[in-house]
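Data from query.txt: compact mmCIF, C-alpha atoms
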# COMPACT_ATOMS: atom_id res chain seq x y z
CA MET A 11 -20.25 -30.85 -11.61
CA THR A 12 -17.09 -32.97 -11.89
CA GLY A 13 -19.02 -36.14 -11.11
CA ILE A 14 -21.57 -35.32 -13.79
CA ARG A 15 -18.91 -34.51 -16.38
CA ASN A 16 -17.03 -37.71 -15.56
CA ALA A 17 -20.14 -39.76 -16.28
CA ALA A 18 -18.80 -40.40 -19.79
CA ALA A 19 -15.73 -42.20 -18.44
CA ALA A 20 -17.84 -44.29 -16.06
CA ARG A 21 -20.29 -45.16 -18.83
CA LEU A 22 -17.52 -46.34 -21.15
CA SER A 23 -16.08 -48.57 -18.42
CA GLU A 24 -19.47 -50.10 -17.73
CA ARG A 25 -20.08 -50.77 -21.41
CA LEU A 26 -16.65 -52.34 -21.99
CA HIS A 27 -17.51 -54.89 -19.29
CA GLY A 28 -20.49 -55.95 -21.41
CA PHE A 29 -18.33 -57.54 -24.14
CA ARG A 30 -16.32 -60.75 -24.44
CA SER A 31 -13.78 -61.69 -27.07
CA LEU A 32 -14.21 -64.73 -29.28
CA GLY A 33 -10.48 -64.95 -29.83
CA GLY A 34 -8.82 -64.29 -33.16
CA ASN A 35 -5.91 -62.70 -31.33
CA CYS A 36 -5.33 -60.48 -28.28
CA GLU A 37 -6.40 -57.16 -29.85
CA PHE A 38 -9.81 -56.80 -28.22
CA GLY A 39 -8.30 -57.79 -24.87
CA PHE A 40 -6.03 -54.78 -25.19
CA VAL A 41 -8.98 -52.59 -26.21
CA GLN A 42 -10.58 -53.38 -22.86
CA ARG A 43 -7.30 -52.89 -20.97
CA TYR A 44 -6.59 -49.55 -22.60
CA GLY A 45 -10.20 -48.59 -21.91
CA GLY A 46 -9.43 -49.05 -18.22
CA VAL A 47 -11.16 -52.39 -17.50
CA GLU A 48 -9.88 -55.95 -16.94
CA PRO A 49 -12.77 -58.42 -17.35
CA SER A 50 -11.85 -62.09 -17.31
CA GLY A 51 -12.57 -64.24 -20.32
CA LEU A 52 -11.47 -67.59 -21.70
CA LEU A 53 -10.47 -66.18 -25.10
CA ARG A 54 -9.62 -62.60 -24.11
CA PHE A 55 -5.89 -62.98 -24.77
CA ALA A 56 -5.97 -65.99 -27.08
CA TYR A 57 -5.21 -66.83 -30.68
CA THR A 58 -8.11 -68.93 -31.93
CA PRO A 59 -8.54 -69.89 -35.62
CA MET A 60 -12.14 -69.67 -36.81
CA GLU A 61 -12.57 -73.35 -37.67
CA ASP A 62 -11.15 -74.49 -34.32
CA LEU A 63 -13.36 -71.99 -32.50
CA ILE A 64 -16.49 -73.28 -34.24
CA ARG A 65 -15.50 -76.88 -33.54
CA GLY A 66 -14.91 -76.08 -29.86
CA LEU A 67 -18.21 -74.25 -29.48
CA ARG A 68 -20.15 -77.11 -31.03
CA CYS A 69 -19.00 -79.50 -28.33
CA GLY A 70 -18.79 -77.00 -25.47
CA PHE A 71 -14.97 -77.26 -25.49
CA ALA A 72 -15.39 -80.67 -23.90
CA ASP A 73 -11.72 -81.61 -24.24
CA PHE A 74 -10.30 -78.18 -23.46
CA GLY A 75 -8.14 -78.60 -20.38
CA ALA A 76 -8.58 -82.38 -20.23
CA PRO A 77 -5.53 -84.25 -18.86
CA GLY A 78 -2.66 -83.93 -21.32
CA ASP A 79 -4.33 -81.20 -23.40
CA LEU A 80 -2.22 -78.21 -22.36
CA ARG A 81 1.37 -77.43 -23.35
CA ILE A 82 3.60 -74.48 -22.51
CA ALA A 83 5.49 -72.86 -25.39
CA ILE A 84 7.56 -69.69 -25.81
CA SER A 85 6.38 -67.08 -28.32
CA ASP A 86 8.67 -65.17 -30.66
CA GLY A 87 8.29 -62.24 -28.27
CA GLY A 88 9.63 -64.27 -25.34
CA THR A 89 6.35 -64.89 -23.49
CA TYR A 90 4.96 -68.20 -22.23
CA TYR A 91 1.84 -69.28 -24.12
CA CYS A 92 -0.46 -72.11 -23.10
CA HIS A 93 -1.50 -74.26 -26.07
CA SER A 94 -4.62 -76.42 -26.12
CA VAL A 95 -3.77 -79.28 -28.43
CA ALA A 96 -7.42 -80.29 -28.76
CA TYR A 97 -8.61 -76.91 -30.10
CA ASN A 98 -5.41 -75.15 -31.25
CA ILE A 99 -6.05 -72.30 -28.79
CA TRP A 100 -2.94 -70.33 -27.81
CA SER A 101 -3.48 -68.33 -24.60
CA ASN A 102 -1.07 -65.63 -23.50
CA THR A 103 -0.17 -66.38 -19.86
CA GLY A 104 1.40 -62.96 -19.30
CA HIS A 105 4.57 -64.56 -17.90
CA PRO A 106 7.89 -63.77 -19.58
CA ALA A 107 9.93 -66.85 -20.50
CA GLY A 108 12.13 -67.89 -17.58
CA SER A 109 10.06 -66.05 -14.95
CA ILE A 110 8.35 -69.21 -13.70
CA ASP A 111 8.89 -72.97 -13.91
CA PRO A 112 6.86 -74.21 -16.95
CA ASP A 113 5.65 -77.26 -14.98
CA VAL A 114 4.30 -75.01 -12.25
CA LEU A 115 2.73 -72.69 -14.83
CA VAL A 116 0.94 -75.43 -16.74
CA GLU A 117 -0.68 -76.73 -13.54
CA ARG A 118 -1.91 -73.23 -12.79
CA GLU A 119 -3.26 -72.94 -16.32
CA TYR A 120 -5.29 -76.13 -15.94
CA GLY A 121 -7.10 -74.60 -12.98
CA ARG A 122 -7.43 -71.09 -14.42
CA LEU A 123 -8.71 -72.18 -17.82
CA ALA A 124 -11.16 -74.69 -16.30
CA HIS A 125 -12.71 -71.83 -14.30
CA LEU A 126 -12.84 -69.53 -17.34
CA LYS A 127 -14.37 -72.24 -19.51
CA ARG A 128 -17.23 -72.75 -17.02
CA LYS A 129 -17.73 -69.00 -16.84
CA MET A 130 -17.84 -68.67 -20.63
CA LEU A 131 -20.40 -71.45 -21.01
CA ASP A 132 -22.57 -69.82 -18.34
CA GLU A 133 -22.39 -66.47 -20.16
CA LEU A 134 -23.25 -68.15 -23.46
CA ALA A 135 -26.25 -69.80 -21.86
CA ASP A 136 -27.75 -66.60 -20.53
CA GLY A 137 -26.68 -64.42 -23.49
CA SER A 138 -25.51 -61.71 -21.12
CA LYS A 139 -22.48 -60.52 -23.13
CA ILE A 140 -21.94 -59.17 -26.64
CA LEU A 141 -19.38 -61.44 -28.32
CA VAL A 142 -16.69 -59.80 -30.46
CA ARG A 143 -14.96 -61.41 -33.43
CA LYS A 144 -12.75 -59.69 -35.99
CA VAL A 145 -13.00 -60.97 -39.56
CA ASP A 146 -11.28 -60.15 -42.82
CA ARG A 147 -13.28 -57.87 -45.07
CA ASP A 148 -13.25 -60.46 -47.85
CA ALA A 149 -14.05 -63.45 -45.59
CA PRO A 150 -17.14 -65.37 -46.76
CA ASP A 151 -20.34 -64.65 -44.84
CA SER A 152 -20.82 -68.38 -44.41
CA ASP A 153 -17.92 -68.57 -41.92
CA PHE A 154 -19.50 -66.03 -39.59
CA GLU A 155 -22.93 -67.62 -40.04
CA ARG A 156 -21.53 -70.97 -38.89
CA LEU A 157 -19.90 -69.24 -35.91
CA ALA A 158 -23.20 -67.61 -34.96
CA GLU A 159 -25.03 -70.94 -35.17
CA ALA A 160 -22.44 -72.56 -32.90
CA VAL A 161 -22.84 -69.72 -30.38
CA TRP A 162 -26.65 -69.79 -30.48
CA ALA A 163 -26.68 -73.50 -29.75
CA HIS A 164 -25.72 -72.43 -26.20
CA GLY A 165 -27.99 -69.40 -25.79
CA PRO A 166 -29.20 -66.03 -27.17
CA SER A 167 -25.93 -64.08 -27.31
CA THR A 168 -25.50 -61.13 -29.68
CA LEU A 169 -22.39 -61.13 -31.87
CA LEU A 170 -20.41 -58.09 -33.02
CA ARG A 171 -18.70 -58.66 -36.39
CA VAL A 172 -15.77 -56.25 -36.83
CA VAL A 173 -13.86 -55.49 -40.03
CA GLU A 174 -11.18 -52.90 -40.72
CA ALA A 175 -11.71 -50.04 -43.14
CA GLY A 176 -8.20 -50.57 -44.49
CA PRO A 177 -5.69 -48.07 -45.94
CA ASP A 178 -7.47 -47.86 -49.29
CA ARG A 179 -10.65 -46.61 -47.56
CA VAL A 180 -9.14 -44.36 -44.90
CA GLY A 181 -8.31 -40.73 -45.63
CA SER A 182 -7.67 -37.68 -43.51
CA ASP A 183 -11.43 -37.10 -43.26
CA TRP A 184 -12.25 -40.62 -41.98
CA ARG A 185 -14.77 -40.63 -39.14
CA PRO A 186 -16.04 -43.49 -36.95
CA GLU A 187 -19.32 -44.99 -38.11
CA PRO A 188 -21.89 -46.28 -35.60
CA ALA A 189 -22.52 -50.00 -35.37
CA ARG A 190 -25.51 -51.32 -37.28
CA ARG A 191 -27.76 -54.32 -36.80
CA VAL A 192 -27.56 -56.64 -39.81
CA ALA A 193 -29.58 -59.58 -38.50
CA ASP A 194 -31.32 -60.77 -35.38
CA ARG A 195 -28.58 -60.93 -32.71
CA VAL A 196 -25.85 -59.81 -35.14
CA ILE A 197 -24.29 -56.32 -35.10
CA ALA A 198 -21.64 -55.19 -37.58
CA GLY A 199 -19.13 -52.38 -37.55
CA GLN A 200 -15.68 -51.32 -38.59
CA VAL A 201 -12.55 -49.74 -37.16
CA ARG A 202 -9.93 -47.74 -39.03
CA ARG A 203 -7.32 -50.49 -38.86
CA PHE A 204 -6.51 -53.69 -37.01
CA ALA A 205 -3.35 -54.02 -34.93
CA PRO A 206 -0.41 -55.80 -36.60
CA THR A 207 -0.69 -59.57 -36.20
CA ALA A 208 2.50 -59.90 -34.14
CA GLN A 209 1.93 -56.66 -32.20
CA ALA A 210 -1.66 -56.88 -31.02
CA TRP A 211 -1.04 -54.21 -28.39
CA GLU A 212 -0.60 -51.50 -31.07
CA ILE A 213 -4.31 -50.85 -31.37
CA ASP A 214 -6.12 -47.86 -32.84
CA LEU A 215 -8.13 -47.22 -29.69
CA GLU A 216 -10.43 -44.33 -30.60
CA PRO A 217 -12.35 -46.12 -33.42
CA TRP A 218 -12.65 -49.23 -31.25
CA LEU A 219 -14.22 -47.35 -28.34
CA HIS A 220 -16.61 -45.47 -30.62
CA LEU A 221 -17.67 -48.81 -32.12
CA ILE A 222 -18.08 -50.56 -28.76
CA ASP A 223 -20.07 -47.68 -27.34
CA SER A 224 -22.44 -47.57 -30.32
CA ALA A 225 -22.85 -51.37 -30.38
CA TYR A 226 -23.76 -51.40 -26.67
CA ALA A 227 -26.20 -48.52 -27.15
CA LEU A 228 -27.82 -50.30 -30.11
CA GLU A 229 -28.17 -53.59 -28.25
CA HIS A 230 -29.57 -52.07 -25.05
CA GLY A 231 -31.65 -49.25 -26.51
CA ALA A 232 -29.50 -46.64 -24.77
CA PRO A 233 -28.16 -43.30 -26.02
CA PRO A 234 -24.56 -43.23 -27.28
CA THR A 235 -21.90 -41.64 -25.11
CA THR A 236 -21.06 -38.02 -25.89
CA PHE A 237 -17.38 -37.49 -26.72
CA GLU A 238 -17.60 -33.78 -27.42
CA ALA A 239 -15.76 -31.04 -25.49
CA GLY A 240 -16.65 -31.14 -21.80
CA ALA A 241 -17.59 -34.83 -21.78
CA PHE A 242 -14.69 -35.76 -19.51
CA GLY A 243 -13.95 -33.81 -16.35
CA ALA A 244 -10.49 -32.22 -16.22
CA ALA A 245 -8.20 -33.96 -13.73
CA LEU A 246 -6.08 -30.83 -13.37
CA THR A 247 -5.79 -27.47 -15.09
CA LEU A 248 -3.00 -27.09 -17.63
CA PRO A 249 -1.88 -23.99 -19.53
CA GLY A 250 -3.68 -24.36 -22.84
CA GLY A 251 -2.11 -21.52 -24.79
CA LEU A 252 0.37 -21.63 -27.64
CA ARG A 253 3.78 -22.98 -26.62
CA ARG A 254 7.03 -23.31 -28.53
CA HIS A 255 9.17 -26.37 -27.76
CA ALA A 256 12.87 -26.63 -28.63
CA GLY A 257 15.27 -29.55 -28.25
CA ARG A 258 17.77 -29.37 -25.40
CA HIS A 259 20.63 -31.55 -26.63
CA ALA A 260 23.36 -31.29 -29.25
CA ALA A 261 22.97 -34.95 -30.21
CA THR A 262 19.69 -36.80 -30.82
CA ALA A 263 18.12 -37.45 -27.41
CA LEU A 264 14.89 -37.13 -25.43
CA SER A 265 13.69 -33.67 -24.48
CA ALA A 266 10.71 -33.70 -22.10
CA TYR A 267 8.12 -30.94 -21.72
CA THR A 268 6.15 -32.41 -18.85
CA ARG A 269 4.54 -31.50 -15.57
CA ALA A 270 5.02 -33.62 -12.44
CA VAL A 271 1.63 -34.78 -11.11
CA GLU A 272 0.95 -36.17 -7.64
CA PRO A 273 -0.84 -39.55 -8.05
CA SER A 274 -2.27 -39.30 -4.54
CA GLY A 275 -4.72 -36.69 -5.78
CA LEU A 276 -5.97 -38.96 -8.57
CA GLY A 277 -7.41 -42.45 -8.70
CA THR A 278 -4.89 -45.20 -9.45
CA ASP A 279 -7.65 -47.46 -10.80
CA ARG A 280 -8.69 -45.07 -13.57
CA ALA A 281 -7.44 -44.21 -17.02
CA TYR A 282 -6.29 -40.66 -17.73
CA VAL A 283 -5.49 -38.90 -20.99
CA PHE A 284 -3.19 -36.02 -21.89
CA SER A 285 -3.89 -34.49 -25.30
CA THR A 286 -2.79 -31.43 -27.24
CA TRP A 287 -2.51 -30.10 -30.78
CA VAL A 288 0.97 -29.86 -32.28
CA TRP A 289 2.37 -28.04 -35.30
CA ILE A 290 5.42 -29.67 -36.89
CA PRO A 291 7.30 -27.17 -39.10
CA GLU A 292 8.70 -28.15 -42.48
CA ALA A 293 12.30 -27.89 -41.23
CA PHE A 294 11.76 -30.32 -38.30
CA ALA A 295 14.33 -33.16 -38.43
CA GLY A 296 13.55 -34.93 -35.15
CA GLU A 297 12.58 -38.58 -34.92
CA ARG A 298 9.47 -38.44 -32.76
CA VAL A 299 6.95 -36.18 -30.98
CA PHE A 300 4.69 -37.94 -28.48
CA ALA A 301 2.53 -37.54 -25.37
CA VAL A 302 2.79 -39.13 -21.94
CA ALA A 303 0.19 -39.48 -19.17
CA GLY A 304 1.55 -41.28 -16.14
CA HIS A 305 2.72 -44.87 -16.10
CA GLY A 306 2.67 -46.98 -19.26
CA ARG A 307 0.53 -46.15 -22.26
CA LEU A 308 -3.10 -47.23 -22.45
CA GLY A 309 -3.54 -46.04 -26.00
CA TRP A 310 -1.81 -43.24 -27.86
CA ARG A 311 -1.36 -41.29 -31.05
CA ASP A 312 2.09 -39.88 -31.76
CA ALA A 313 2.65 -37.03 -34.18
CA ASP A 314 2.65 -38.09 -37.83
CA LEU A 315 5.96 -36.61 -38.97
CA SER A 316 4.93 -36.89 -42.61
CA ARG A 317 2.44 -34.09 -41.94
CA ARG A 318 4.06 -30.66 -41.74
CA ASP A 319 2.84 -27.09 -41.29
CA CYS A 320 -0.59 -28.14 -40.06
CA TRP A 321 -2.28 -28.86 -36.73
CA GLN A 322 -2.57 -32.47 -35.63
CA ARG A 323 -3.56 -33.94 -32.28
CA VAL A 324 -1.29 -36.14 -30.18
CA TRP A 325 -2.40 -37.91 -27.03
CA ALA A 326 -1.60 -40.69 -24.61
CA GLY A 327 -3.57 -42.54 -21.96
CA GLY A 328 -2.10 -43.98 -18.76
CA ARG A 329 -2.62 -44.78 -15.10
CA MET A 330 -1.19 -43.36 -11.91
CA ARG A 331 0.92 -45.71 -9.77
CA LEU A 332 0.58 -46.31 -6.05
CA GLY A 333 3.60 -45.36 -3.96
CA VAL A 334 5.06 -43.00 -6.57
CA ALA A 335 5.58 -39.37 -5.59
CA ARG A 336 5.33 -37.90 -9.09
CA GLU A 337 4.11 -38.99 -12.52
CA PRO A 338 4.92 -37.12 -15.78
CA VAL A 339 2.19 -35.56 -17.90
CA GLY A 340 2.95 -33.71 -21.13
CA LEU A 341 5.01 -34.00 -24.31
CA GLY A 342 8.30 -35.53 -25.34
CA MET A 343 10.50 -35.18 -28.42
CA ILE A 344 13.36 -37.26 -29.79
CA GLY A 345 15.63 -34.83 -31.60
CA THR A 346 18.34 -32.20 -31.21
CA ARG A 347 18.38 -28.56 -30.14
CA ARG A 348 17.91 -27.62 -33.80
CA ASP A 349 14.43 -29.17 -33.73
CA ARG A 350 11.40 -27.13 -32.70
CA PHE A 351 7.63 -27.50 -32.76
CA TRP A 352 4.52 -25.80 -31.33
CA SER A 353 1.64 -27.03 -29.19
CA PHE A 354 -1.77 -25.62 -28.29
CA GLY A 355 -4.81 -26.66 -26.26
CA ALA A 356 -3.23 -29.01 -23.70
CA ARG A 357 -5.71 -30.97 -21.58
CA PHE A 358 -5.49 -33.73 -18.95
CA HIS A 359 -8.68 -35.56 -17.98
CA GLU A 360 -10.11 -38.82 -16.72
CA GLY A 361 -11.12 -41.20 -19.49
CA PRO A 362 -9.53 -43.59 -22.00
CA ILE A 363 -9.50 -41.34 -25.11
CA PRO A 364 -9.46 -37.60 -25.77
CA GLU A 365 -12.61 -35.62 -26.37
CA ALA A 366 -13.65 -34.74 -29.89
CA ALA A 367 -12.42 -31.26 -30.81
CA ALA A 368 -11.81 -29.13 -33.87
CA ALA A 369 -8.25 -28.22 -34.81
CA PRO A 370 -7.10 -24.65 -34.07
CA THR A 371 -7.93 -22.25 -36.87
CA PHE A 372 -5.49 -19.38 -36.25
CA ARG A 373 -2.47 -18.93 -38.48
CA MET A 374 0.92 -19.77 -37.08
CA PRO A 375 3.49 -16.96 -36.47
CA PRO A 376 6.78 -16.88 -38.37
CA PRO A 377 9.46 -19.19 -36.93
CA ARG A 378 11.34 -16.24 -35.40
CA PHE A 379 9.61 -13.40 -33.60
CA PRO A 380 11.05 -10.85 -31.12
CA GLY A 381 9.67 -11.60 -27.68
CA ARG A 382 7.53 -8.49 -27.21
CA THR A 383 6.22 -8.62 -30.76
CA LEU A 384 5.29 -12.28 -30.38
CA LEU A 385 3.47 -11.58 -27.11
CA GLY A 386 1.47 -8.82 -28.76
CA TRP A 387 0.72 -11.03 -31.74
CA LEU A 388 -0.59 -13.84 -29.53
CA ARG A 389 -2.73 -11.52 -27.43
CA SER A 390 -4.35 -10.14 -30.56
CA ARG A 391 -5.29 -13.58 -31.89
CA LEU A 392 -5.97 -15.89 -28.96
CA PRO A 393 -9.26 -15.78 -27.06
Can the structure in the file be given as structure tokens, please?
Amino acid sequence: MTGIRNAAAARLSERLHGFRSLGGNCEFGFVQRYGGVEPSGLLRFAYTPMEDLIRGLRCGFADFGAPGDLRIAISDGGTYYCHSVAYNIWSNTGHPAGSIDPDVLVEREYGRLAHLKRKMLDELADGSKILVRKVDRDAPDSDFERLAEAVWAHGPSTLLRVVEAGPDRVGSDWRPEPARRVADRVIAGQVRRFAPTAQAWEIDLEPWLHLIDSAYALEHGAPPTTFEAGAFGAALTLPGGLRRHAGRHAATALSAYTRAVEPSGLGTDRAYVFSTWVWIPEAFAGERVFAVAGHGRLGWRDADLSRRDCWQRVWAGGRMRLGVAREPVGLGMIGTRRDRFWSFGARFHEGPIPEAAAAPTFRMPPPRFPGRTLLGWLRSRLP
């Protein structure tokens, strides 16, 4: 049963491998990483202006990586970037400034990017990947049409054109929309928001994965993945009842409400998600309520502290590390012992995003309840 229920996570991983970024910035590269996959790609973590991209495609990036083309520069965030002078492509090397000799790094980049360029041209020739490009909502259609023509000069690839809904179109009732085919070999779709330009890692993962899944299904004539309750197999059983959390410190500090998980019982090559519903009372004065699921964060949604006296879901994705005895799974709060909140419906499962679920419908108890009375109240209202 677990293998069957985990089919959704496996299907999402397989589908994410079927896409390649056409640059813009690093956002889609992080979508794939947070989805639990690491496919290689020439433009996966690259800033590539549209006009330079079209120009490079038209000549097969003939001068990309030619002798003297590449330069190493340091980004504002302190990371080495490799710049192609010929095509104005800025590739994130993943090396912090000072961690490696720039002369050594640039020689490595010549070899790495030459390999990835050959691979990209081969994939363009056989049309085996769906190519992703973000565009501004008000960008002229002619720009994307010229991009498509430059791609199709190499082979029959399908392009996915992605726009953001934007704050003026997103309300509390916003729901992901499936991708739609707008022309032969062109699919269009939208996400709730794009990541900030200088912080491409701060992606809104759930809309992206819904879009990618529906685009893949549309292109290959396959059914969409089910994200409803039970789609992802539970990695371990957590108490899912109503819990009250109080800060543990006089001054503002971290209070953790986590469970220690043994990574040896889970796969270290998979993404896992902890999710729960939280109720932030009107009097809450803390700075943050968030989830944690192992090492790092492969996507997340912290509590929106502007929303009070209502249920909202928080979640975080992560991986388990090799050689670590315990990993934390649960909630955290930045605040004082005067700050309190409630949680309900905790779940920890394999997969990159939480399952779709309706918010709890029961009314919250008063902020102070005698212990026995509260226990009786909960028993009378919880299933």
Box in all listed atoms of segment 204-212 of chain A, axis-aligned, with 3 Å more on each side; write out centre and edge lengths in Å to one decimal as JSON.
{"center_x": -2.0, "center_y": -55.7, "center_z": -32.7, "size_x": 15.0, "size_y": 14.4, "size_z": 14.6}
Inset, instruction - Fewer than 2 positions away in the same chain doesn't count, so skip those; otherwise give me all residues within 8 Å of segment 39-46 of chain A, counting all atoms listed in the file, as number ranges by chain. - result: A: 22-23, 26-27, 31, 36-37, 48-49, 54-55, 210-211, 213, 215, 218-219, 279-281, 307-309, 327, 361-363
Inset, instruction - Excluding Ala260 of chain A and residues on its chain fewer than 2 positions from it, collect all residues at most 7 Å away from it, counting only C-alpha atoms, and give them as a list in words. - result: Thr262, Thr346 and Arg347 of chain A
Legend entry - Point-to-point distance from atom CA of Leu131 of chain A to atom CA of Asn102 of chain A, Å rounded to tenths: 20.3 Å
Inset, instruction - Using only C-alpha atoms, determine which residues lie at most 12 Å from Ala369 of chain A, disregarding the query and same-chain residues fewer than 3 positions distant; provide the list as a VMD selection string. - result: chain A and resid 286 to 289 320 to 324 353 to 355 366 372 to 373
Legend entry - Among the residues A:Ala149, A:Leu53, A:Leu126, A:Ala303, the one that comes closest to Gly328 of chain A [using only C-alpha atoms]: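 Between A:Ala149, A:Leu53, A:Leu126, A:Ala303, the residue approaching Gly328 of chain A most closely is A:Ala303.
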Legend entry - Between atom CA of Ser101 of chain A and atom CA of Gly34 of chain A - distance in Å to one decimal: 10.9 Å
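Excluding Tyr97 of chain A and any residue on its chain fewer than 2 positions from it, the residues at most 7 Å away by only C-alpha atoms are Asp62, Gly66, Phe74, Ser94, Val95 and Ile99 of chain A.
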Residues of the last selection are to be written out with C-alpha atoms, as a tab-separated table (two decimals), in the coordinates of the input.
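Result file is out-v4.tsv:
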chain	number	residue	atom	x	y	z
A	62	ASP	CA	-11.15	-74.49	-34.32
A	66	GLY	CA	-14.91	-76.08	-29.86
A	74	PHE	CA	-10.30	-78.18	-23.46
A	94	SER	CA	-4.62	-76.42	-26.12
A	95	VAL	CA	-3.77	-79.28	-28.43
A	99	ILE	CA	-6.05	-72.30	-28.79
Inset, instruction - Please work out which residues fall within 12 Å of (-13.7, -78.6, -25.4), coordinates as given in the file, with all atoms listed in the file counting, and return them as an MDAnalysis selection string. - result: chainID A and resid 52 62:77 79:80 94:99 123:124 127:128 130:131
Residue contacts of segment 193-207 of chain A (6 Å, all atoms listed in the file) excluding same-chain residues fewer than 3 positions away, as a JSON list (two decimals) with C-alpha atoms, in the coordinates of the input:
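And here is the file that came out, out_15.json:
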[["chain", "number", "residue", "atom", "x", "y", "z"],
["A", 168, "THR", "CA", -25.50, -61.13, -29.68],
["A", 169, "LEU", "CA", -22.39, -61.13, -31.87],
["A", 170, "LEU", "CA", -20.41, -58.09, -33.02],
["A", 171, "ARG", "CA", -18.70, -58.66, -36.39],
["A", 172, "VAL", "CA", -15.77, -56.25, -36.83],
["A", 173, "VAL", "CA", -13.86, -55.49, -40.03],
["A", 174, "GLU", "CA", -11.18, -52.90, -40.72],
["A", 175, "ALA", "CA", -11.71, -50.04, -43.14],
["A", 176, "GLY", "CA", -8.20, -50.57, -44.49],
["A", 189, "ALA", "CA", -22.52, -50.00, -35.37],
["A", 190, "ARG", "CA", -25.51, -51.32, -37.28],
["A", 210, "ALA", "CA", -1.66, -56.88, -31.02],
["A", 212, "GLU", "CA", -0.60, -51.50, -31.07],
["A", 213, "ILE", "CA", -4.31, -50.85, -31.37],
["A", 217, "PRO", "CA", -12.35, -46.12, -33.42],
["A", 218, "TRP", "CA", -12.65, -49.23, -31.25]]
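Closest to Arg253 of chain A among A:Pro150, A:Asp312, A:Arg350, A:Glu238 is A:Arg350, based on only C-alpha atoms.
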Inset, instruction - Can you work out which one of A:Val142, A:Gly277, A:Gly78, A:Thr103 has the shortest atom-to-atom distance to Tyr90 of chain A, counting all atoms listed in the file? - result: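 Going through A:Val142, A:Gly277, A:Gly78, A:Thr103 one by one, the smallest distance to Tyr90 of chain A is for A:Thr103.
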Inset, instruction - Go through A:Pro177, A:Leu115, A:Glu229, A:Ile222 one by one, measure the shortest atom-to-atom distance of each to Val192 of chain A using all atoms listed in the file, and give the residue with the smallest value. - result: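 Counting all atoms listed in the file, the residue closest to Val192 of chain A is A:Glu229.
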Legend entry - Closest of A:Pro364, A:Gly345, A:Gly231, A:Gly296 to Gly243 of chain A - atom-to-atom distances counting only C-alpha atoms: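 Checking each candidate against Gly243 of chain A, we get A:Pro364 as the closest.
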